[in-house]
Structure formats: C-alpha cells, structure tokens
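Novice: What follows is work.cif, made up of mmCIF, C-alpha atoms and all ligand atoms:
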```
data_coords
loop_
_atom_site.label_atom_id
_atom_site.label_comp_id
_atom_site.auth_asym_id
_atom_site.auth_seq_id
_atom_site.Cartn_x
_atom_site.Cartn_y
_atom_site.Cartn_z
CA MET A 1 25.62 0.54 -6.50
CA PRO A 2 23.46 2.29 -9.14
CA ALA A 3 23.73 6.10 -9.24
CA THR A 4 21.01 8.42 -7.99
CA GLU A 5 19.19 10.00 -10.94
CA TRP A 6 18.85 13.80 -10.96
CA ASN A 7 16.44 15.95 -12.82
CA ILE A 8 16.79 19.74 -12.45
CA THR A 9 14.69 22.15 -14.50
CA VAL A 10 15.35 25.88 -14.50
CA ASP A 11 12.57 28.14 -15.69
CA ILE A 12 12.71 31.94 -16.14
CA ASP A 13 9.44 33.79 -15.66
CA GLU A 14 9.80 36.91 -17.85
CA GLN A 15 6.83 38.74 -16.40
CA GLU A 16 7.53 38.12 -12.74
CA ASP A 17 11.29 38.60 -13.05
CA THR A 18 11.85 35.45 -11.15
CA THR A 19 13.76 32.28 -11.73
CA MET A 20 12.19 29.02 -10.66
CA ALA A 21 14.00 25.75 -10.35
CA TYR A 22 12.56 22.32 -9.83
CA ALA A 23 14.71 19.43 -8.77
CA SER A 24 13.79 15.85 -8.32
CA LEU A 25 15.89 12.84 -7.65
CA ARG A 26 15.19 9.16 -7.69
CA THR A 27 17.13 6.99 -5.31
CA PRO A 28 18.46 3.58 -6.31
CA ALA A 29 15.62 2.08 -4.24
CA GLY A 30 13.09 4.01 -6.34
CA HIS A 31 12.14 6.76 -3.84
CA GLU A 32 11.60 10.19 -5.29
CA VAL A 33 12.34 13.54 -3.65
CA THR A 34 11.09 16.74 -5.28
CA GLY A 35 11.96 20.34 -4.44
CA VAL A 36 11.15 23.76 -5.82
CA GLY A 37 13.01 27.06 -5.33
CA GLN A 38 12.81 30.63 -6.56
CA ALA A 39 15.26 33.54 -7.07
CA GLN A 40 14.86 37.13 -8.28
CA ARG A 41 16.90 38.33 -11.22
CA ASN A 42 20.08 40.20 -10.38
CA PRO A 43 18.72 43.41 -8.74
CA HIS A 44 21.89 45.38 -9.70
CA ASP A 45 21.48 44.83 -13.41
CA PRO A 46 17.94 43.82 -14.39
CA SER A 47 18.85 43.60 -18.08
CA VAL A 48 21.19 40.66 -17.49
CA PRO A 49 19.46 37.30 -17.29
CA ALA A 50 20.19 35.83 -13.87
CA ILE A 51 21.95 32.75 -15.10
CA GLY A 52 24.03 32.62 -11.91
CA ASP A 53 20.90 32.71 -9.79
CA GLU A 54 19.32 29.84 -11.67
CA LEU A 55 22.31 27.68 -11.14
CA ALA A 56 22.52 28.71 -7.49
CA VAL A 57 18.87 27.78 -7.01
CA ALA A 58 19.37 24.48 -8.73
CA ARG A 59 22.43 23.74 -6.59
CA ALA A 60 20.60 24.69 -3.38
CA LEU A 61 17.76 22.40 -4.34
CA ARG A 62 20.11 19.61 -5.06
CA ASN A 63 21.71 20.04 -1.63
CA LEU A 64 18.31 20.18 0.05
CA ALA A 65 17.11 17.07 -1.70
CA GLU A 66 20.35 15.29 -0.87
CA ARG A 67 20.05 16.22 2.81
CA LEU A 68 16.49 14.90 2.80
CA LEU A 69 17.67 11.77 1.11
CA HIS A 70 20.31 11.06 3.73
CA THR A 71 18.26 11.98 6.80
CA THR A 72 17.16 8.81 8.53
CA GLU A 73 14.52 8.06 11.13
CA LYS A 74 17.42 7.24 13.46
CA ASP A 75 18.83 10.79 13.01
CA ILE A 76 15.50 12.27 13.99
CA SER A 77 15.01 9.88 16.91
CA GLY A 78 18.57 10.66 18.08
CA ALA A 79 17.83 14.38 18.05
CA THR A 80 14.37 14.25 19.62
CA GLY A 81 14.60 11.13 21.79
CA GLU A 82 11.29 9.97 20.32
CA PRO A 83 10.44 7.34 17.71
CA ALA A 84 10.22 8.99 14.30
CA HIS A 85 8.48 8.25 11.07
CA LEU A 86 10.10 10.04 8.16
CA HIS A 87 7.41 10.87 5.67
CA ARG A 88 8.76 11.80 2.26
CA GLU A 89 6.40 13.58 -0.06
CA PRO A 90 6.68 16.20 -2.77
CA CYS A 91 6.72 19.77 -1.43
CA LEU A 92 4.01 22.23 -2.39
CA LEU A 93 4.53 23.59 -5.88
CA THR A 94 3.62 27.00 -7.24
CA ASP A 95 0.37 27.23 -9.19
CA ARG A 96 2.27 27.50 -12.39
CA HIS A 97 4.34 24.47 -11.70
CA SER A 98 1.28 22.59 -10.50
CA ARG A 99 -0.29 23.20 -13.89
CA GLU A 100 2.78 21.88 -15.66
CA GLU A 101 2.85 18.97 -13.27
CA ALA A 102 -0.85 18.31 -13.95
CA GLY A 103 -0.06 18.18 -17.66
CA ARG A 104 2.60 15.58 -17.07
CA MET A 105 0.28 13.64 -14.76
CA ALA A 106 -1.97 12.93 -17.72
CA ASP A 107 0.43 10.13 -18.64
CA SER A 108 -0.66 6.86 -17.14
CA THR A 109 2.71 5.52 -16.06
CA PRO A 110 3.69 3.40 -13.05
CA GLU A 111 5.62 6.41 -11.73
CA ASN A 112 2.52 8.60 -11.86
CA TRP A 113 0.32 5.88 -10.34
CA ARG A 114 2.73 5.85 -7.40
CA ARG A 115 2.70 9.65 -7.18
CA VAL A 116 -1.07 9.71 -7.05
CA ASP A 117 -1.05 7.00 -4.36
CA ASP A 118 1.43 9.14 -2.37
CA TYR A 119 -0.82 12.17 -2.79
CA LEU A 120 -3.96 10.25 -1.80
CA ALA A 121 -2.26 8.71 1.22
CA ALA A 122 -0.86 12.07 2.33
CA THR A 123 -4.30 13.65 1.93
CA LEU A 124 -6.52 10.93 3.39
CA LEU A 125 -4.49 8.92 5.88
CA ASP A 126 -3.04 9.89 9.26
CA ASP A 127 0.55 9.09 10.15
CA ASP A 128 0.46 5.99 12.27
CA THR A 129 3.55 4.74 14.05
CA ALA A 130 2.28 1.20 14.66
CA LEU A 131 1.40 0.69 10.99
CA THR A 132 4.63 2.27 9.78
CA MET A 133 6.67 0.13 12.14
CA ALA A 134 4.75 -3.00 11.14
CA ARG A 135 6.04 -2.43 7.61
CA SER A 136 9.57 -1.49 8.60
CA ASP A 137 9.93 -4.40 11.05
CA SER A 138 8.60 -6.79 8.40
CA ASP A 139 11.22 -5.39 6.02
CA ALA A 140 13.93 -5.71 8.66
CA ALA A 141 12.94 -9.37 9.17
CA ASP A 142 13.27 -9.92 5.40
CA LEU A 143 9.60 -10.62 4.84
CA PRO A 144 8.59 -9.96 1.23
CA ALA A 145 7.15 -6.46 0.69
CA ILE A 146 3.82 -7.77 -0.58
CA GLU A 147 1.46 -6.31 1.98
CA VAL A 148 -1.46 -4.18 0.82
CA THR A 149 -0.81 -0.46 0.30
CA PRO A 150 -1.84 1.95 3.07
CA LEU A 151 -4.81 3.06 0.95
CA ALA A 152 -5.95 -0.54 0.43
CA GLY A 153 -5.47 -1.20 4.16
CA LYS A 154 -7.75 1.72 4.90
CA LEU A 155 -10.30 0.31 2.44
CA LEU A 156 -10.34 -2.98 4.39
CA HIS A 157 -10.70 -1.04 7.62
CA LEU A 158 -13.63 0.98 6.23
CA LEU A 159 -15.29 -2.16 4.87
CA ALA A 160 -15.11 -3.70 8.33
CA ARG A 161 -16.77 -0.61 9.78
CA MET A 162 -19.31 -0.19 6.96
CA THR A 163 -20.46 -3.78 7.26
CA GLY A 164 -20.50 -3.62 11.06
CA ALA A 165 -18.26 -6.70 11.05
CA ARG A 166 -17.54 -8.39 14.40
CA ASN A 167 -15.93 -11.54 13.04
CA VAL A 168 -13.29 -11.27 10.34
CA LEU A 169 -11.38 -14.02 8.57
CA GLU A 170 -8.11 -13.26 6.78
CA VAL A 171 -6.21 -15.74 4.62
CA GLY A 172 -2.56 -14.59 4.37
CA THR A 173 -1.17 -12.69 7.38
CA LEU A 174 2.43 -11.89 6.38
CA GLY A 175 3.62 -9.34 8.98
CA GLY A 176 0.09 -8.46 10.10
CA TYR A 177 -0.15 -5.13 8.27
CA SER A 178 -3.62 -5.69 6.79
CA THR A 179 -4.58 -7.53 10.00
CA ILE A 180 -3.99 -4.36 12.02
CA TRP A 181 -6.19 -2.35 9.67
CA LEU A 182 -8.96 -4.98 9.92
CA ALA A 183 -8.69 -5.39 13.70
CA ARG A 184 -9.01 -1.66 14.17
CA GLY A 185 -12.26 -1.71 12.19
CA ILE A 186 -14.12 -4.12 14.48
CA PRO A 187 -15.51 -3.62 17.99
CA ARG A 188 -13.49 -4.30 21.14
CA ASP A 189 -15.12 -7.74 21.59
CA GLY A 190 -14.79 -8.66 17.89
CA ARG A 191 -12.18 -11.09 16.53
CA VAL A 192 -9.96 -11.49 13.51
CA VAL A 193 -8.82 -15.01 12.68
CA THR A 194 -5.85 -14.79 10.34
CA LEU A 195 -4.23 -17.76 8.61
CA GLU A 196 -0.53 -17.93 7.81
CA LEU A 197 1.67 -20.70 6.45
CA GLU A 198 5.06 -19.45 7.68
CA GLN A 199 5.91 -19.52 11.39
CA LYS A 200 8.42 -16.70 10.86
CA HIS A 201 5.77 -14.44 9.32
CA ALA A 202 3.40 -15.25 12.18
CA ASP A 203 6.09 -14.35 14.75
CA VAL A 204 6.72 -10.96 13.12
CA ALA A 205 2.97 -10.39 12.85
CA ARG A 206 2.44 -11.19 16.54
CA ARG A 207 4.94 -8.50 17.57
CA ASN A 208 3.40 -5.99 15.16
CA LEU A 209 -0.11 -6.72 16.45
CA GLU A 210 1.05 -6.30 20.05
CA ARG A 211 2.65 -2.94 19.31
CA ALA A 212 -0.60 -1.86 17.58
CA ARG A 213 -2.49 -3.01 20.74
CA VAL A 214 -4.87 -5.26 18.80
CA SER A 215 -3.38 -8.66 19.65
CA ASP A 216 -6.23 -9.44 22.10
CA LYS A 217 -8.66 -9.35 19.14
CA VAL A 218 -6.54 -11.43 16.77
CA GLU A 219 -5.89 -15.15 16.52
CA ILE A 220 -3.07 -16.19 14.19
CA VAL A 221 -3.46 -19.77 12.96
CA VAL A 222 -0.20 -21.15 11.58
CA GLY A 223 -0.26 -23.82 8.86
CA ARG A 224 -1.62 -24.35 5.36
CA ALA A 225 -4.85 -22.38 5.17
CA ALA A 226 -6.49 -25.26 3.27
CA ASP A 227 -5.87 -27.41 6.39
CA SER A 228 -6.75 -24.71 8.92
CA LEU A 229 -10.10 -23.80 7.38
CA PRO A 230 -11.82 -27.19 7.97
CA ARG A 231 -10.56 -27.09 11.59
CA ILE A 232 -12.07 -23.64 12.04
CA ALA A 233 -15.35 -24.99 10.64
CA GLU A 234 -15.21 -27.95 13.06
CA ARG A 235 -14.79 -25.84 16.15
CA GLY A 236 -17.94 -23.84 15.28
CA GLY A 237 -18.55 -20.36 16.63
CA GLU A 238 -20.07 -17.30 15.03
CA PRO A 239 -19.94 -17.03 11.23
CA PHE A 240 -17.55 -14.53 9.67
CA ASP A 241 -18.94 -11.19 8.51
CA LEU A 242 -15.95 -10.17 6.39
CA VAL A 243 -13.31 -12.32 4.69
CA PHE A 244 -10.09 -11.06 3.11
CA ILE A 245 -8.33 -13.56 0.81
CA ASP A 246 -4.68 -12.67 0.15
CA ALA A 247 -2.46 -15.77 0.21
CA ASP A 248 -1.31 -18.29 -2.43
CA LYS A 249 -3.47 -17.45 -5.43
CA GLU A 250 -3.42 -21.04 -6.68
CA SER A 251 -5.74 -22.00 -3.79
CA ASN A 252 -8.15 -19.08 -4.20
CA THR A 253 -11.15 -21.25 -5.11
CA ILE A 254 -10.62 -23.40 -1.99
CA TYR A 255 -10.50 -20.25 0.13
CA LEU A 256 -13.57 -18.80 -1.57
CA ASP A 257 -15.56 -21.97 -1.00
CA TRP A 258 -14.66 -21.94 2.72
CA ALA A 259 -15.34 -18.22 2.98
CA ILE A 260 -18.87 -18.82 1.72
CA ARG A 261 -19.38 -21.82 4.00
CA LEU A 262 -18.05 -19.98 7.05
CA GLY A 263 -20.05 -16.84 6.28
CA HIS A 264 -23.75 -15.98 6.27
CA PRO A 265 -26.01 -14.12 3.84
CA GLY A 266 -24.51 -10.64 3.79
CA THR A 267 -20.90 -11.69 4.44
CA VAL A 268 -18.53 -9.60 2.34
CA ILE A 269 -15.58 -11.33 0.67
CA VAL A 270 -12.62 -9.44 -0.74
CA VAL A 271 -10.12 -11.20 -3.01
CA ASP A 272 -6.87 -9.36 -3.69
CA ASN A 273 -4.65 -9.36 -6.78
CA VAL A 274 -7.18 -10.37 -9.41
CA GLY A 275 -5.78 -8.10 -12.15
CA ARG A 276 -2.18 -9.29 -12.26
CA ALA A 277 -0.92 -6.62 -14.68
CA GLY A 278 -3.67 -7.48 -17.16
CA GLU A 279 -2.65 -11.11 -17.46
CA VAL A 280 -5.94 -12.21 -15.91
CA ALA A 281 -7.65 -11.53 -19.24
CA ASP A 282 -5.28 -13.92 -21.06
CA PRO A 283 -7.01 -17.30 -21.38
CA GLY A 284 -3.73 -18.85 -22.60
CA THR A 285 -1.70 -17.91 -19.52
CA ASP A 286 0.41 -20.65 -17.96
CA ASP A 287 1.16 -18.67 -14.78
CA ALA A 288 -0.29 -20.67 -11.87
CA MET A 289 -1.07 -17.53 -9.86
CA VAL A 290 -2.92 -15.93 -12.77
CA ILE A 291 -4.81 -19.16 -13.35
CA GLY A 292 -5.73 -19.13 -9.63
CA SER A 293 -7.09 -15.59 -9.96
CA ARG A 294 -9.02 -16.50 -13.13
CA ARG A 295 -10.61 -19.52 -11.44
CA ALA A 296 -11.58 -17.38 -8.44
CA LEU A 297 -13.28 -14.86 -10.74
CA GLU A 298 -15.04 -17.64 -12.63
CA LEU A 299 -16.32 -19.07 -9.35
CA LEU A 300 -17.50 -15.61 -8.26
CA GLY A 301 -19.26 -15.16 -11.60
CA SER A 302 -21.00 -18.53 -11.64
CA ASP A 303 -21.60 -19.69 -8.06
CA PRO A 304 -25.21 -18.92 -7.04
CA ARG A 305 -24.10 -18.52 -3.40
CA VAL A 306 -22.40 -15.17 -4.16
CA ASP A 307 -22.86 -11.97 -6.13
CA ALA A 308 -19.64 -10.19 -7.11
CA THR A 309 -17.81 -7.57 -9.07
CA ALA A 310 -14.14 -6.67 -9.59
CA LEU A 311 -12.25 -3.48 -10.27
CA GLN A 312 -8.90 -2.97 -11.91
CA THR A 313 -6.51 -0.85 -9.87
CA VAL A 314 -3.32 1.07 -10.55
CA GLY A 315 -1.14 2.44 -7.81
CA ALA A 316 2.08 2.02 -5.85
CA LYS A 317 1.85 -1.74 -6.41
CA GLY A 318 1.41 -1.45 -10.16
CA TRP A 319 -1.55 -2.65 -12.21
CA ASP A 320 -3.77 -5.15 -10.47
CA GLY A 321 -7.33 -5.56 -9.26
CA VAL A 322 -9.62 -6.47 -6.42
CA ALA A 323 -12.80 -8.55 -6.39
CA ILE A 324 -15.57 -7.98 -3.91
CA ALA A 325 -18.49 -10.29 -3.29
CA ILE A 326 -21.46 -10.72 -1.00
CA VAL A 327 -22.83 -14.05 0.16
CA VAL A 328 -26.50 -14.19 -0.89
C1 LIG B 401 0.39 -11.27 0.10
S1 LIG B 401 0.95 -11.91 1.62
C2 LIG B 401 -0.29 -11.33 2.75
C3 LIG B 401 -0.21 -9.84 2.96
C4 LIG B 401 -1.08 -9.35 4.08
N1 LIG B 401 -2.48 -9.72 3.83
C5 LIG B 401 -0.97 -7.84 4.16
O1 LIG B 401 -1.53 -7.18 3.26
O2 LIG B 401 -0.33 -7.33 5.08
C6 LIG B 401 0.56 -13.60 1.48
C7 LIG B 401 0.85 -14.41 2.74
O3 LIG B 401 0.21 -15.68 2.57
C8 LIG B 401 1.04 -16.67 3.10
N2 LIG B 401 0.71 -17.96 2.49
C9 LIG B 401 1.15 -18.46 1.30
N3 LIG B 401 0.64 -19.68 1.09
C10 LIG B 401 -0.15 -19.95 2.15
C11 LIG B 401 -0.95 -21.06 2.52
N4 LIG B 401 -1.03 -22.14 1.74
N5 LIG B 401 -1.62 -20.99 3.68
C12 LIG B 401 -1.56 -19.90 4.47
N6 LIG B 401 -0.82 -18.82 4.18
C13 LIG B 401 -0.12 -18.85 3.03
C14 LIG B 401 2.44 -16.20 2.77
O4 LIG B 401 3.39 -16.82 3.61
C15 LIG B 401 2.31 -14.70 2.97
O5 LIG B 401 2.70 -14.34 4.27
#
```
Go through the file and emit its structure as structure tokens.
Ligand SMILES: C[S@@+](CC[C@H](N)C(=O)[O-])C[C@H]1O[C@@H](n2cnc3c(N)ncnc32)[C@H](O)[C@@H]1O

Specialist:
Amino acid sequence: MPATEWNITVDIDEQEDTTMAYASLRTPAGHEVTGVGQAQRNPHDPSVPAIGDELAVARALRNLAERLLHTTEKDISGATGEPAHLHREPCLLTDRHSREEAGRMADSTPENWRRVDDYLAATLLDDDTALTMARSDSDAADLPAIEVTPLAGKLLHLLARMTGARNVLEVGTLGGYSTIWLARGIPRDGRVVTLELEQKHADVARRNLERARVSDKVEIVVGRAADSLPRIAERGGEPFDLVFIDADKESNTIYLDWAIRLGHPGTVIVVDNVGRAGEVADPGTDDAMVIGSRRALELLGSDPRVDATALQTVGAKGWDGVAIAIVV
C-alpha cells in the first residue's frame, strides 16, 4: 500500500512572537487534509527560539490530521445513532497563511483545480445525504466514478429551473446522481426519462432515486440509447425541454440528432465531456471518444436546427469541457 504523504511547514513570526505550523497530508486515495496550529514562544525565556514548540505544534497537527483521516462515517453514525456524511475540507487559515496560500493557488495544477472545486462546493452547496449516499452506494456497487461533480450537478439543476423545464431527457444514468439533481429541478408533475445501457447501473440508480424521493418523477429506460430513443419518439408525448447527453461519446451525434427531434424551439441541450484534456482540438486524434466529441461539436456548429457554444472546464475531474445548445 502506498505511504501517506506528509507536508509540515513551521513558520516563526518574529513580530508576533508566535510559531505557526501548517500540516497537510495526502492519502493514498488522493484525499487531502490540511491543518494549522499556533504556539507562543517559550514564555520563560523569550530570547530562545521556541524550536520545541514548533515541533510540538507540528506533531499535534500531524496527530489531528491522522485522527481526521481515520475517522469514518461509521464511527460517527455509531456514536450518534444517525446517518453521517463526513465532509473533509481545509480548515480556516490565518490571514497571513491565506495570502501565502493564495500565492500558491496561482499555479494552475490539477491539485489546485480540485481545491477550488472543494472551496466552491463548500461555499455554494448544501450537504445532502441523498446525493452523498447516491455516490457512496454507486462506489460500493463498483460503478465507475464518472458521475458529474456536485458543482456540475447543481448547474444541471439550475438549468432545469432557469428554463422552467417540465420534461427532461438524460442519456447516461449511471447511479442516478445527475438524475437526482435534474429531477429536483422540475415541478412535481414533471418527468425525467433517463437512458442507461447497463441493468446493474439502472438497479443502483433506482435505489438512489427512491432514497432521494424523486423516483415517481423518473423513468429509467434500460438498453442501448440509440435503440431506446426511436421508441420514445414512437410513443409520442410532450417534447423535452432539457436534454443532458452523458453516455458513450462515440454515439454523441446520434443522441444530438434525437435530442433536437424530441425537443422544440427553445429546448436546451447540454453535452458533457467535450474538452477531453485538450485532445478535442487535435484533428489527428485516433481516440474514438475524442472523435465522438469532435463530431458532436461539429454538428452543433453546423446544424441550422441549433445554436451552441462550449466552455472548457477545470476542476475535480481534470481538464474537460461542456457544450450547451438551444434548439432554434
Ligand atoms: C458518464 S456515465 C453517466 C453519469 C451520470 N450522467 C451522472 O453524472 O451521474 C455514462 C453512463 O452511460 C452508460 N452508457 C454507455 N453506453 C451507453 C449506451 N449505448 N446507451 C445507454 N447508456 C450507455 C454507461 O453505462 C454509464 O452508466
């Protein structure tokens, strides 16, 4: 098992007579825990630098961070008798350290993209047990961790509300994480139709949707989306107001064509993962998923039925992008 990485900085503030220590650790799974502590210089002999104190602070921080690292949601549930969501985030830093931190944040690195995502999520999103458990149960069922980030989920939710969507189509359900966000953005009598290839993913999603109390608004259609979409067209019903495309990228143009046909002027279409770590701009790529994203963008740029743009994104999921279109 790879070792946990430690990073402890000790900093003496000459003017304030204090010793600050910052400790961060990165777990083998890539989580980061950060702590900050402070000690006065030795009050009995102010002329002696408080080397002992610095080390004591650093050790205390290390212990604190280690305790945080090993505390599990089960420990908390055991103690409180209630379901727990353990939210790990950096603790508040002193102004001085914040400034140093801000300096370091100028580097555009995947680690800092993730930190900013953590900060944005902690600042803008509420803790939500059903969403947290949808992710952890999907993990426990060995589903791939390829759902949208919480911030992107909230974007989908807001788009549903901003567009006043009643009917939403999603291509690619996985464990239902984005589906929950979408379903919560539509009225009580609205519907989300979500298409998923894998029965196992659909089963996990169904449980997650039930726990989130949105299953009465959601229909999961199992099978190849390219087969399901013509059947949805055949059965008629109200057009879709919002479409989220997030499945096999190779079929993106098929999904886009159906999204347009099943929509109406004003329908908003969101296509995920159109940046693909910059590879989308490589015309010589032989990666089928990148080619799928390129073809989707080309369709969006040339098809007179839609008007579109796309934005690159960086964040917890790396460097990617999202396209957004309106049916005209
Ligand atoms: C990126 S995941 C969807 C994540 C989900 N939208 C979320 O953010 O929570 C893609 C899903 O599409 C499904 N999928 C792949 N190929 C498909 C196909 N041909 N038809 C329908 N679903 C497909 C995969 O099984 C997977 O569950």

Novice: Go through A:Leu311, A:Ala316, A:Ala145, A:Val322 one by one, measure the shortest atom-to-atom distance of each to ligand LIG 401 (chain B) using all atoms listed in the file, and give the residue with the smallest value.

Specialist: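 Going through A:Leu311, A:Ala316, A:Ala145, A:Val322 one by one, the smallest distance to ligand LIG 401 (chain B) is for A:Ala145.
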
Novice: Point out the residue among A:Asp127, A:Asp272, A:Glu219, A:Asp142 with the least atom-to-atom distance to ligand LIG 401 (chain B), counting all atoms listed in the file.

Specialist: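 Among A:Asp127, A:Asp272, A:Glu219, A:Asp142, it is A:Asp272 that comes nearest to ligand LIG 401 (chain B).
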
Novice: So which one's closest to Ile186 in chain A, A:Thr253, A:Gln312, A:Thr129, A:Thr163? Using all atoms listed in the file, please.

Specialist: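 Among A:Thr253, A:Gln312, A:Thr129, A:Thr163, it is A:Thr163 that comes nearest to Ile186 in chain A.
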
Novice: Ranking A:Asp241, A:Glu279, A:Asp216, A:Asp246 by minimum distance to ligand LIG 401 (chain B) and counting all atoms listed in the file, which one comes first?

Specialist: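 The shortest atom-to-atom distance to ligand LIG 401 (chain B) comes from A:Asp246.
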
Novice: Suppose you want the space between CA of Asp126 in chain A and CA of Phe240 in chain A; what is it in Å?

Specialist: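 Going from CA of Asp126 in chain A over to CA of Phe240 in chain A covers 28.4 Å.
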
Novice: Name the residues in contact with Leu124 in chain A at a cut-off of 10 Å, using all atoms listed in the file, excluding same-chain residues fewer than 5 positions from it; report them as a list in words.

Specialist: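 Near Leu124 in chain A, the qualifying residues are Asp118, Tyr119, Leu151 and Lys154 of chain A.
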
Novice: Neighbours of ligand LIG 401 (chain B) within 6 Å, counting all atoms listed in the file, as a PyMOL selection string?

Specialist: chain A and resi 146-148+172-178+195-198+201+224-225+246-248

Novice: Find the spatial neighbours of Leu262 in chain A, counting only C-alpha atoms, within a cut-off of 10 Å - ignore same-chain residues fewer than 4 positions away - and output them as a list in words.

Specialist: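 Result of the neighbour search: Leu169, Leu229, Pro230, Ile232, Ala233, Gly236, Gly237, Glu238, Pro239, Phe240, Asp241, Val243, Leu256, Asp257, Trp258 and Thr267 of chain A.
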
Novice: Nearest to Glu111 in chain A among A:Val328, A:Trp319, A:Met133, A:Gly164, with distances taken over all atoms listed in the file: which residue is it?

Specialist: A:Trp319

Novice: Mind pulling up the distance from CA of Gly321 in chain A to CA of Gly278 in chain A?

Specialist: 8.9 Å

Novice: Using all atoms listed in the file, determine which residues lie at most 8 Å from Val214 in chain A, disregarding the query and same-chain residues fewer than 5 positions distant; provide the list as a PyMOL selection string.

Specialist: chain A and resi 180+183-184+209

Novice: Which value, in Å to one decimal, gives the distance between CA of Ala288 in chain A and CA of Ala325 in chain A?

Specialist: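 Taking CA of Ala288 in chain A and CA of Ala325 in chain A, their separation equals 22.6 Å.
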
Novice: Using only C-alpha atoms, find the one residue out of A:Ala308, A:Leu297, A:Val192, A:Ala140 that sits nearest to Ala165 in chain A.

Specialist: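 Using only C-alpha atoms, the shortest distance to Ala165 in chain A belongs to A:Val192.
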